$ cat work_38.cif   # mmCIF, C-alpha atoms and all ligand atoms
data_query
loop_
_atom_site.label_atom_id
_atom_site.label_comp_id
_atom_site.auth_asym_id
_atom_site.auth_seq_id
_atom_site.Cartn_x
_atom_site.Cartn_y
_atom_site.Cartn_z
CA GLY A 25 128.88 96.74 130.57
CA GLY A 26 131.64 94.26 129.88
CA ALA A 27 134.91 95.23 128.23
CA VAL A 28 135.26 94.88 124.46
CA PRO A 29 135.59 91.15 123.68
CA ALA A 30 139.24 90.48 122.82
CA ALA A 31 138.31 88.92 119.47
CA ALA A 32 136.46 92.08 118.54
CA LYS A 33 139.32 94.46 119.33
CA SER A 34 140.51 94.34 115.73
CA SER A 35 137.15 95.53 114.39
CA TRP A 36 137.04 98.32 116.93
CA GLY A 37 139.28 100.68 115.01
CA PRO A 38 137.04 101.14 111.94
CA PHE A 39 134.07 101.71 114.20
CA LEU A 40 135.78 104.38 116.27
CA LYS A 41 137.03 105.99 113.04
CA SER A 42 133.47 106.05 111.65
CA ILE A 43 132.29 107.52 114.94
CA ALA A 44 134.95 110.23 114.76
CA SER A 45 133.66 111.31 111.34
CA PHE A 46 130.04 110.66 112.31
CA THR A 47 127.79 112.78 110.12
CA GLY A 48 124.52 111.87 111.84
CA ASP A 49 123.69 109.08 109.40
CA LEU A 50 123.36 106.02 111.63
CA ALA A 51 123.47 103.69 108.63
CA SER A 52 127.02 104.89 107.88
CA LEU A 53 128.31 103.52 111.21
CA THR A 54 130.67 100.61 110.54
CA ALA A 55 129.61 98.82 113.70
CA PRO A 56 131.82 95.89 114.79
CA PRO A 57 130.54 92.52 113.49
CA PHE A 58 129.30 91.42 116.91
CA ILE A 59 127.03 94.45 116.96
CA LEU A 60 125.44 93.75 113.57
CA SER A 61 121.91 92.41 113.82
CA SER A 62 120.29 90.38 111.04
CA THR A 63 116.97 92.10 111.74
CA SER A 64 115.88 94.87 109.39
CA LEU A 65 114.71 98.16 110.85
CA THR A 66 111.32 97.64 109.12
CA GLU A 67 110.64 94.92 111.72
CA TYR A 68 110.79 97.43 114.59
CA SER A 69 107.29 98.67 113.69
CA GLY A 70 106.03 95.41 115.22
CA TYR A 71 107.05 96.61 118.69
CA TRP A 72 103.93 98.79 118.80
CA ALA A 73 101.44 95.94 119.30
CA GLU A 74 103.01 92.83 120.82
CA HIS A 75 100.24 92.85 123.45
CA PRO A 76 97.25 93.05 121.04
CA GLU A 77 94.70 92.86 123.86
CA ILE A 78 96.25 95.94 125.53
CA PHE A 79 96.50 97.63 122.12
CA VAL A 80 92.72 97.30 121.50
CA ALA A 81 91.53 97.73 125.12
CA PRO A 82 90.59 101.44 124.67
CA ALA A 83 88.04 100.40 121.98
CA GLN A 84 86.07 98.47 124.61
CA GLU A 85 85.95 101.29 127.19
CA LYS A 86 82.89 103.60 127.15
CA ASP A 87 84.27 106.42 129.33
CA PRO A 88 86.47 108.86 127.33
CA GLN A 89 88.72 109.67 130.30
CA LYS A 90 89.38 105.99 130.96
CA ARG A 91 90.01 105.47 127.22
CA ALA A 92 92.70 108.15 127.36
CA LEU A 93 94.28 106.35 130.33
CA LEU A 94 94.19 103.01 128.47
CA VAL A 95 95.91 104.58 125.43
CA LEU A 96 98.64 105.98 127.72
CA LYS A 97 98.99 102.57 129.42
CA TRP A 98 99.26 100.79 126.02
CA PHE A 99 101.94 103.27 124.88
CA LEU A 100 103.97 102.67 128.03
CA THR A 101 103.71 98.88 127.64
CA THR A 102 105.34 99.10 124.18
CA LEU A 103 108.53 100.78 125.45
CA LYS A 104 110.29 97.70 126.81
CA GLN A 105 110.18 95.89 123.47
CA GLN A 106 110.86 99.06 121.46
CA TYR A 107 113.96 100.03 123.36
CA SER A 108 115.38 97.10 125.32
CA SER A 109 114.34 93.85 123.62
CA ARG A 110 117.65 93.51 121.75
CA ASN A 111 119.57 93.83 125.04
CA GLU A 112 117.45 91.15 126.64
CA LYS A 113 117.60 88.75 123.72
CA LEU A 114 121.04 89.45 122.29
CA GLY A 115 123.02 90.93 125.19
CA SER A 116 123.30 94.47 123.85
CA GLU A 117 121.71 96.94 121.47
CA LYS A 118 122.48 95.99 117.89
CA LYS A 119 122.75 97.77 114.56
CA PRO A 120 119.74 96.73 112.46
CA LEU A 121 119.91 96.17 108.70
CA ASN A 122 119.31 99.44 106.86
CA PRO A 123 116.11 98.84 104.82
CA PHE A 124 116.09 99.52 101.07
CA LEU A 125 113.46 101.81 99.56
CA GLY A 126 110.15 99.96 99.26
CA GLU A 127 111.12 97.20 101.67
CA LEU A 128 108.02 95.66 103.28
CA PHE A 129 107.50 93.85 106.57
CA LEU A 130 104.03 92.29 106.79
CA GLY A 131 102.63 90.17 109.60
CA LYS A 132 99.68 89.51 111.86
CA TRP A 133 98.96 88.77 115.51
CA GLU A 134 96.35 86.03 115.32
CA ASP A 135 93.62 85.68 117.92
CA PRO A 136 92.79 81.99 118.37
CA THR A 137 90.30 82.83 121.15
CA GLY A 138 88.29 85.03 118.76
CA LYS A 139 88.02 87.51 121.63
CA ILE A 140 89.53 90.57 119.94
CA GLY A 141 90.05 89.47 116.32
CA GLU A 142 93.21 89.58 114.21
CA THR A 143 95.69 92.51 114.33
CA GLN A 144 97.60 93.21 111.11
CA LEU A 145 101.05 94.84 110.73
CA ILE A 146 102.11 96.73 107.60
CA SER A 147 105.58 98.28 107.63
CA GLU A 148 107.19 99.93 104.59
CA GLN A 149 110.50 101.77 104.09
CA VAL A 150 109.11 104.89 102.45
CA SER A 151 112.47 106.65 102.23
CA HIS A 152 116.08 105.45 102.05
CA HIS A 153 117.86 108.81 102.09
CA PRO A 154 117.12 109.68 104.87
CA PRO A 155 115.83 106.34 106.22
CA VAL A 156 112.10 106.63 107.10
CA THR A 157 109.87 103.70 108.07
CA ALA A 158 106.08 104.09 107.88
CA TYR A 159 103.70 101.58 109.46
CA ALA A 160 100.04 100.80 110.07
CA ILE A 161 98.66 98.38 112.62
CA LEU A 162 95.00 97.50 112.07
CA ASN A 163 92.40 95.58 114.07
CA GLN A 164 89.24 95.70 111.93
CA LYS A 165 87.02 93.91 114.45
CA GLN A 166 87.72 96.48 117.19
CA GLY A 167 88.00 99.40 114.77
CA VAL A 168 91.51 100.32 115.99
CA LYS A 169 94.14 101.78 113.66
CA LEU A 170 97.65 102.93 114.51
CA GLU A 171 99.60 104.68 111.76
CA GLY A 172 102.88 106.48 111.97
CA TYR A 173 106.35 106.97 110.64
CA ASN A 174 109.77 107.53 112.05
CA GLY A 175 113.23 108.62 111.07
CA GLN A 176 116.25 109.44 113.22
CA LYS A 177 118.45 112.50 113.51
CA ALA A 178 121.60 111.42 115.37
CA SER A 179 124.66 113.13 116.79
CA PHE A 180 127.67 111.86 118.69
CA SER A 181 129.30 113.45 121.69
CA ARG A 182 131.10 112.39 124.83
CA GLY A 183 130.96 108.68 123.98
CA THR A 184 127.24 108.49 123.42
CA ILE A 185 125.08 108.66 120.28
CA SER A 186 122.05 110.91 120.79
CA VAL A 187 119.03 110.24 118.61
CA ARG A 188 116.10 112.54 118.08
CA GLN A 189 113.15 110.77 116.46
CA VAL A 190 111.48 112.50 113.54
CA GLY A 191 107.83 111.62 112.99
CA HIS A 192 104.89 110.66 115.17
CA ALA A 193 102.17 108.04 115.60
CA LYS A 194 98.39 108.45 115.41
CA TYR A 195 96.06 106.06 117.23
CA HIS A 196 92.47 106.07 115.89
CA LEU A 197 89.30 104.60 117.43
CA LYS A 198 86.65 104.17 114.71
CA LYS A 199 83.79 103.49 117.17
CA PHE A 200 84.22 106.88 118.84
CA ASP A 201 85.77 108.73 115.86
CA GLU A 202 88.60 109.59 118.24
CA ASP A 203 92.28 110.31 117.57
CA TYR A 204 95.43 110.38 119.67
CA LEU A 205 98.62 112.09 118.49
CA ILE A 206 101.70 110.40 119.96
CA THR A 207 105.10 112.10 119.82
CA LEU A 208 108.27 109.98 119.98
CA PRO A 209 110.85 110.10 122.81
CA SER A 210 114.45 111.10 122.23
CA LEU A 211 117.02 108.50 123.14
CA HIS A 212 120.72 108.07 123.53
CA ILE A 213 122.92 105.03 123.26
CA GLU A 214 125.00 104.46 126.35
CA GLY A 215 127.78 101.93 126.90
CA ILE A 216 129.37 102.36 123.47
CA VAL A 217 132.90 102.68 124.81
CA TYR A 218 132.39 99.44 126.78
CA GLY A 219 131.23 97.70 123.61
CA SER A 220 127.83 96.92 125.04
CA PRO A 221 125.53 99.69 123.84
CA TYR A 222 122.04 100.10 125.23
CA VAL A 223 119.24 102.64 124.81
CA GLU A 224 118.19 105.14 127.45
CA LEU A 225 115.21 107.43 126.78
CA ASN A 226 115.43 111.12 127.60
CA ARG A 227 113.40 114.32 127.89
CA SER A 228 109.68 113.81 127.37
CA SER A 229 106.96 112.80 124.92
CA THR A 230 103.23 113.47 124.80
CA ILE A 231 99.92 111.94 123.79
CA HIS A 232 97.16 114.35 122.91
CA SER A 233 93.59 113.15 122.28
CA SER A 234 90.84 114.71 120.17
CA THR A 235 88.72 114.42 123.34
CA GLY A 236 91.03 116.99 124.99
CA TYR A 237 93.20 114.83 127.24
CA VAL A 238 96.97 115.39 127.40
CA ALA A 239 99.44 112.80 128.66
CA GLN A 240 103.03 113.82 129.33
CA ILE A 241 105.74 111.21 129.91
CA ASP A 242 109.05 112.39 131.43
CA TYR A 243 111.97 109.99 130.96
CA SER A 244 114.58 110.39 133.63
CA GLY A 245 116.87 107.50 132.77
CA LYS A 246 118.93 106.90 135.91
CA GLY A 247 116.13 108.46 137.97
CA TRP A 248 117.15 111.48 140.02
CA VAL A 249 115.64 109.75 143.05
CA THR A 250 115.74 106.03 142.33
CA GLY A 251 118.99 105.88 140.30
CA LYS A 252 117.33 103.02 138.42
CA LYS A 253 117.67 102.86 134.64
CA ASN A 254 114.71 103.42 132.25
CA THR A 255 112.78 105.43 134.88
CA PHE A 256 109.78 107.50 133.81
CA SER A 257 106.95 109.50 135.29
CA ALA A 258 103.68 110.20 133.43
CA THR A 259 100.62 112.32 134.12
CA LEU A 260 97.23 112.52 132.42
CA ARG A 261 95.33 115.80 132.53
CA LYS A 262 92.41 117.49 130.80
CA GLU A 263 93.80 120.09 128.37
CA GLY A 264 94.09 123.47 130.06
CA SER A 265 93.53 122.06 133.56
CA LYS A 266 96.17 121.72 136.28
CA ASP A 267 94.35 118.79 137.94
CA ILE A 268 96.26 115.55 137.56
CA LEU A 269 93.71 112.85 136.78
CA TYR A 270 96.19 109.96 136.83
CA THR A 271 99.89 109.42 137.41
CA ILE A 272 101.96 106.46 136.19
CA ASP A 273 105.49 105.89 137.54
CA GLY A 274 108.09 103.20 137.17
CA GLN A 275 110.66 101.72 134.81
CA TRP A 276 109.51 101.12 131.25
CA SER A 277 111.74 98.02 131.01
CA ASP A 278 110.45 96.54 134.26
CA GLY A 279 107.03 97.70 135.43
CA PHE A 280 104.93 100.60 136.61
CA VAL A 281 102.09 101.65 138.92
CA ILE A 282 98.95 103.48 137.77
CA LYS A 283 97.41 105.83 140.34
CA GLU A 284 94.23 107.88 140.38
CA GLY A 285 95.38 111.42 141.13
CA LYS A 286 98.79 111.05 142.75
CA THR A 287 98.11 108.56 145.51
CA LYS A 288 95.28 106.05 144.94
CA GLU A 289 96.87 102.92 143.43
CA LEU A 290 94.69 101.46 140.69
CA GLU A 291 96.90 98.89 138.96
CA THR A 292 100.43 97.55 138.76
CA TYR A 293 101.80 96.47 135.38
CA ASN A 294 104.67 93.98 135.21
CA ALA A 295 106.52 94.36 131.90
CA LYS A 296 108.62 91.24 132.50
CA THR A 297 105.81 88.75 133.03
CA THR A 298 103.21 90.07 130.56
CA GLU A 299 103.07 87.60 127.65
CA ILE A 300 104.24 88.74 124.22
CA THR A 301 101.97 87.52 121.38
CA PRO A 302 104.16 86.16 118.58
CA LEU A 303 103.84 87.88 115.20
CA TYR A 304 102.95 85.49 112.36
CA ILE A 305 105.10 86.06 109.25
CA ALA A 306 104.50 84.10 106.01
CA PRO A 307 107.28 81.63 105.09
CA ASN A 308 109.91 83.31 102.87
CA LYS A 309 108.84 81.44 99.71
CA GLU A 310 105.28 82.80 100.06
CA GLN A 311 106.50 86.36 100.61
CA ASP A 312 106.66 89.20 98.12
CA PRO A 313 110.26 89.66 96.89
CA LEU A 314 110.24 93.06 98.64
CA GLU A 315 109.52 91.58 102.07
CA SER A 316 112.41 91.92 104.50
CA ARG A 317 113.12 88.33 105.48
CA ARG A 318 112.95 87.05 101.88
CA ALA A 319 114.97 89.97 100.46
CA TRP A 320 117.66 89.81 103.18
CA ALA A 321 117.64 86.00 103.62
CA LYS A 322 121.23 85.44 102.37
CA VAL A 323 122.57 88.43 104.33
CA GLN A 324 120.77 87.27 107.48
CA GLU A 325 122.14 83.76 107.07
CA SER A 326 125.72 85.01 106.75
CA ILE A 327 125.43 87.46 109.64
CA ASN A 328 124.09 84.68 111.85
CA THR A 329 126.95 82.34 110.89
CA GLY A 330 129.48 85.19 111.24
CA ASP A 331 130.51 84.86 107.58
CA LEU A 332 131.56 88.47 107.08
CA GLU A 333 132.72 88.03 103.49
CA THR A 334 129.40 86.63 102.27
CA THR A 335 127.58 89.32 104.26
CA GLY A 336 129.51 91.96 102.32
CA ILE A 337 128.94 90.28 98.97
CA GLU A 338 125.21 89.73 99.47
CA LYS A 339 124.71 93.25 100.85
CA SER A 340 126.46 94.75 97.81
CA LYS A 341 124.14 92.78 95.50
CA ILE A 342 121.11 94.41 97.14
CA GLU A 343 122.74 97.83 97.14
CA ASN A 344 123.66 97.52 93.43
CA GLU A 345 120.11 96.45 92.52
CA GLN A 346 118.83 99.49 94.36
CA ARG A 347 121.26 101.81 92.57
CA GLU A 348 120.09 100.41 89.21
CA LEU A 349 116.43 101.00 90.13
CA ARG A 350 117.09 104.59 91.22
CA LYS A 351 119.04 105.21 87.97
CA LYS A 352 116.17 103.85 85.84
CA GLU A 353 113.59 105.91 87.75
CA LYS A 354 115.72 109.02 87.22
CA GLU A 355 116.04 108.36 83.48
CA GLU A 356 112.29 107.79 83.17
CA GLY A 357 111.52 110.79 85.36
CA ARG A 358 109.44 108.85 87.87
CA GLU A 359 109.67 108.02 91.56
CA TRP A 360 109.38 104.67 93.30
CA GLU A 361 105.65 103.95 93.92
CA ARG A 362 105.08 103.47 97.68
CA ARG A 363 102.73 100.52 98.10
CA TYR A 364 100.74 101.50 101.24
CA PHE A 365 101.69 105.05 102.20
CA THR A 366 101.43 108.56 100.77
CA ARG A 367 103.28 111.71 101.78
CA VAL A 368 101.06 114.77 102.37
CA MET A 369 101.99 118.29 103.28
CA ASP A 370 98.97 118.68 105.53
CA ASP A 371 97.32 116.04 107.72
CA PRO A 372 94.22 117.47 109.44
CA VAL A 373 94.50 115.16 112.46
CA PHE A 374 98.15 116.12 112.98
CA THR A 375 97.43 119.81 112.46
CA ARG A 376 94.48 119.85 114.87
CA LEU A 377 96.28 117.95 117.63
CA ALA A 378 99.83 119.17 117.18
CA GLU A 379 98.85 122.78 117.76
CA SER A 380 97.74 122.15 121.33
CA PRO A 381 100.01 123.43 124.09
CA GLY A 382 103.05 121.32 124.83
CA ILE A 383 103.26 119.39 121.61
CA ALA A 384 106.34 120.17 119.54
CA ALA A 385 105.39 120.81 115.92
CA GLU A 386 107.40 118.16 114.12
CA GLU A 387 109.37 118.44 110.91
CA GLY A 388 106.15 117.07 109.38
CA LYS A 389 105.41 120.58 108.24
CA THR A 390 108.55 120.74 106.07
CA ASP A 391 109.34 117.20 104.89
CA GLY A 392 105.71 116.18 104.62
CA ILE A 393 103.86 113.64 106.72
CA TRP A 394 103.57 109.96 105.77
CA ILE A 395 100.02 108.65 106.12
CA PHE A 396 98.49 105.21 105.55
CA ASP A 397 96.63 105.22 102.22
CA GLU A 398 93.42 103.19 102.63
CA LYS A 399 92.80 103.24 98.82
CA LYS A 400 96.21 101.74 98.08
CA PHE A 401 95.63 99.18 100.84
CA ALA A 402 92.28 98.18 99.32
CA GLN A 403 93.84 97.92 95.84
CA VAL A 404 96.62 95.65 97.13
CA ALA A 405 94.11 93.52 99.04
CA GLU A 406 91.93 93.19 95.90
CA LYS A 407 94.93 92.27 93.72
CA THR A 408 96.03 89.68 96.30
CA ARG A 409 92.50 88.22 96.41
CA VAL A 410 92.41 87.88 92.63
CA VAL A 411 95.82 86.19 92.59
CA GLU A 412 94.81 83.83 95.39
CA GLU A 413 91.58 83.00 93.57
CA ALA A 414 93.44 82.33 90.31
CA LYS A 415 95.79 79.99 92.19
CA ALA A 416 92.81 78.21 93.75
CA GLU A 417 91.18 77.90 90.30
CA GLU A 418 94.43 76.49 88.91
CA VAL A 419 94.51 73.87 91.64
CA VAL A 420 90.91 72.90 90.90
CA THR A 421 91.44 72.70 87.12
CA THR A 422 94.69 70.72 87.42
CA ALA A 423 93.00 68.50 90.00
CA ALA A 424 90.05 68.06 87.59
C1 LIG A 501 129.40 99.00 120.10
C2 LIG A 501 129.07 100.33 119.65
C3 LIG A 501 128.24 100.35 118.42
O1 LIG A 501 128.46 99.65 117.47
O2 LIG A 501 127.23 101.26 118.43
C4 LIG A 501 126.24 101.07 117.44
C5 LIG A 501 125.00 101.04 118.30
C6 LIG A 501 124.31 99.79 118.21
C7 LIG A 501 124.28 102.32 118.18
C8 LIG A 501 123.60 102.58 116.88
C9 LIG A 501 122.30 101.81 116.70
O3 LIG A 501 121.52 101.68 117.90
C10 LIG A 501 120.29 101.13 117.44
C11 LIG A 501 119.09 101.47 118.32
C12 LIG A 501 118.02 101.77 117.25
C13 LIG A 501 116.67 102.37 117.69
C14 LIG A 501 115.98 101.37 118.66
C15 LIG A 501 114.52 101.58 118.74
C16 LIG A 501 113.79 102.37 117.92
C17 LIG A 501 112.32 102.52 118.21
C18 LIG A 501 111.51 102.26 116.92
O4 LIG A 501 110.13 102.50 117.16
C19 LIG A 501 112.00 103.21 115.82
C20 LIG A 501 113.49 102.97 115.53
C21 LIG A 501 114.39 103.12 116.79
C22 LIG A 501 114.48 104.59 117.17
C23 LIG A 501 115.79 102.54 116.43
C24 LIG A 501 116.52 103.40 115.39
C25 LIG A 501 117.92 102.89 115.03
C26 LIG A 501 118.79 102.68 116.29
C27 LIG A 501 119.13 104.01 116.92
C28 LIG A 501 120.04 101.81 116.06
C29 LIG A 501 121.37 102.50 115.75
C30 LIG A 501 121.84 102.32 114.32
#

$ encode --input "work_38.cif" --output "structure tokens" --more "lines below"
Ligand SMILES: CCC(=O)OC[C@H](C)CC[C@H]1O[C@H]2C[C@H]3[C@@H]4CC=C5C[C@@H](O)CC[C@]5(C)[C@H]4CC[C@]3(C)[C@H]2[C@@H]1C
Amino acid sequence: GGAVPAAAKSSWGPFLKSIASFTGDLASLTAPPFILSSTSLTEYSGYWAEHPEIFVAPAQEKDPQKRALLVLKWFLTTLKQQYSSRNEKLGSEKKPLNPFLGELFLGKWEDPTGKIGETQLISEQVSHHPPVTAYAILNQKQGVKLEGYNGQKASFSRGTISVRQVGHAKYHLKKFDEDYLITLPSLHIEGIVYGSPYVELNRSSTIHSSTGYVAQIDYSGKGWVTGKKNTFSATLRKEGSKDILYTIDGQWSDGFVIKEGKTKELETYNAKTTEITPLYIAPNKEQDPLESRRAWAKVQESINTGDLETTGIEKSKIENEQRELRKKEKEEGREWERRYFTRVMDDPVFTRLAESPGIAAEEGKTDGIWIFDEKKFAQVAEKTRVVEEAKAEEVVTTAA
């Protein structure tokens, strides 16, 4: 990575001081201005389905073993955007805006061809201390639902920030009443001392299906053999069997090869040339006041124009509003009502699939597990319909 830009040297001190007293709370990092991103962390949930046709492909496959392979392939195709899209677009990893409690990020991947139908994104900051983002990605036509949540436990040592992800994702296929439990990879941020941080994934993560298939992905970063960054190696097996049904090797930020067994090449995936489907977000004025881009509009504007003073002022306004809300809730003895998600202490799908060999039992057991609440979703949809209808009526009556 390049050296610290001269102009930024001045802002380097506070950052290094905050790193020295780093408590593990990433939001407390006073990152240098050129590292601040105007994107809120709630938007990162969208990285799970930027290739909607790959996301729903398992729903169209009749053979359960091939479905398990397609879920593993989809997971691997999300990694480039999840972990290196800021580098590619902005030149380095950035520090996202720290979402406020209840912050929403809502969007949809439209399907003009009508081939697979619309895919909807719902992302909600369900906790602020510690920061936890819950999300659901739904394609009704294909009967595909992804729901999950994630938080980060971070530590700093030897010039890198190591991040362990708390939480997991569950991929559900309605047609086959099938579930996949996806654990999240650990990562570390390299290049901090050079002022151009970037993510490298480490150790391993798993996908375990209710049909008894287990995928294991080993992230070797600068591969032992290849020395290339973002290297991984994945295998798919039947639970309890040593036979490797499929192997997938490559670089998650570049491309990979899918093989039957260990040798018979089936398919090559090129992460760089596969089209990203843009996410449709309503214009700010049509958004709910809690939606990220409307709520953070002034902060985003000032970050993008490098107006640090206004950034500070506008951020403090949001933080003060939040403090007032928390104070009121405390006085009235109530908690903020999450709009789409509920925390449970026991999630049968997680319990059934997390127990299988090789899957680390997450903190879910202690802090509770965030799940998508279909009832709340239906209530919100109904309320929105009524409001839309009332608006339409209004138009008609005023027109008349
Ligand atoms: C120049 C040195 C400097 O300022 O260092 C600050 C750095 C930018 C390091 C801290 C931030 O790094 C960001 C990377 C973010 C993760 C990226 C991708 C994902 C996947 C997504 O599915 C869930 C969220 C997650 C894990 C992000 C979490 C927040 C991370 C670690 C940002 C750090 C604040």

$ residues_near_ligand --input "work_38.cif" --ligand "ligand LIG 501 (chain A)" --cutoff "8 Å" --atoms "all atoms listed in the file" --output "ChimeraX atom specification"
/A:39,50-51,53-56,59-60,65,68-69,71-72,106-108,116-120,174-176,178,185,187,189,211-213,215-223

$ residues_around --input "work_38.cif" --residues "Leu303 of chain A" --least-positions-apart "3" --cutoff "8 Å" --atoms "only C-alpha atoms" --output "ChimeraX atom specification"
/A:70,74,131-134

$ closest_residue --input "work_38.cif" --among "A:Ile272, A:Ile327, A:Leu170, A:Ala92" --to "Lys288 of chain A" --atoms "only C-alpha atoms"
A:Ile272

$ residues_near_point --input "work_38.cif" --point "(109.0, 105.6, 102.6)" --cutoff "8 Å" --atoms "all atoms listed in the file" --output "MDAnalysis selection string"
chainID A and resid 125:126 148:152 155:158 362 365 394

$ axis_aligned_box --input "work_38.cif" --around "segment 117-124 of chain A" --padding-each-side "5 Å" --output "AutoDock Vina command-line options"
--center_x 119.4 --center_y 97.8 --center_z 111.3 --size_x 16.7 --size_y 13.5 --size_z 30.4

$ atom_distance --input "work_38.cif" --atom1 "atom CA of Asp278 of chain A" --atom2 "atom CA of Lys104 of chain A"
7.5 Å
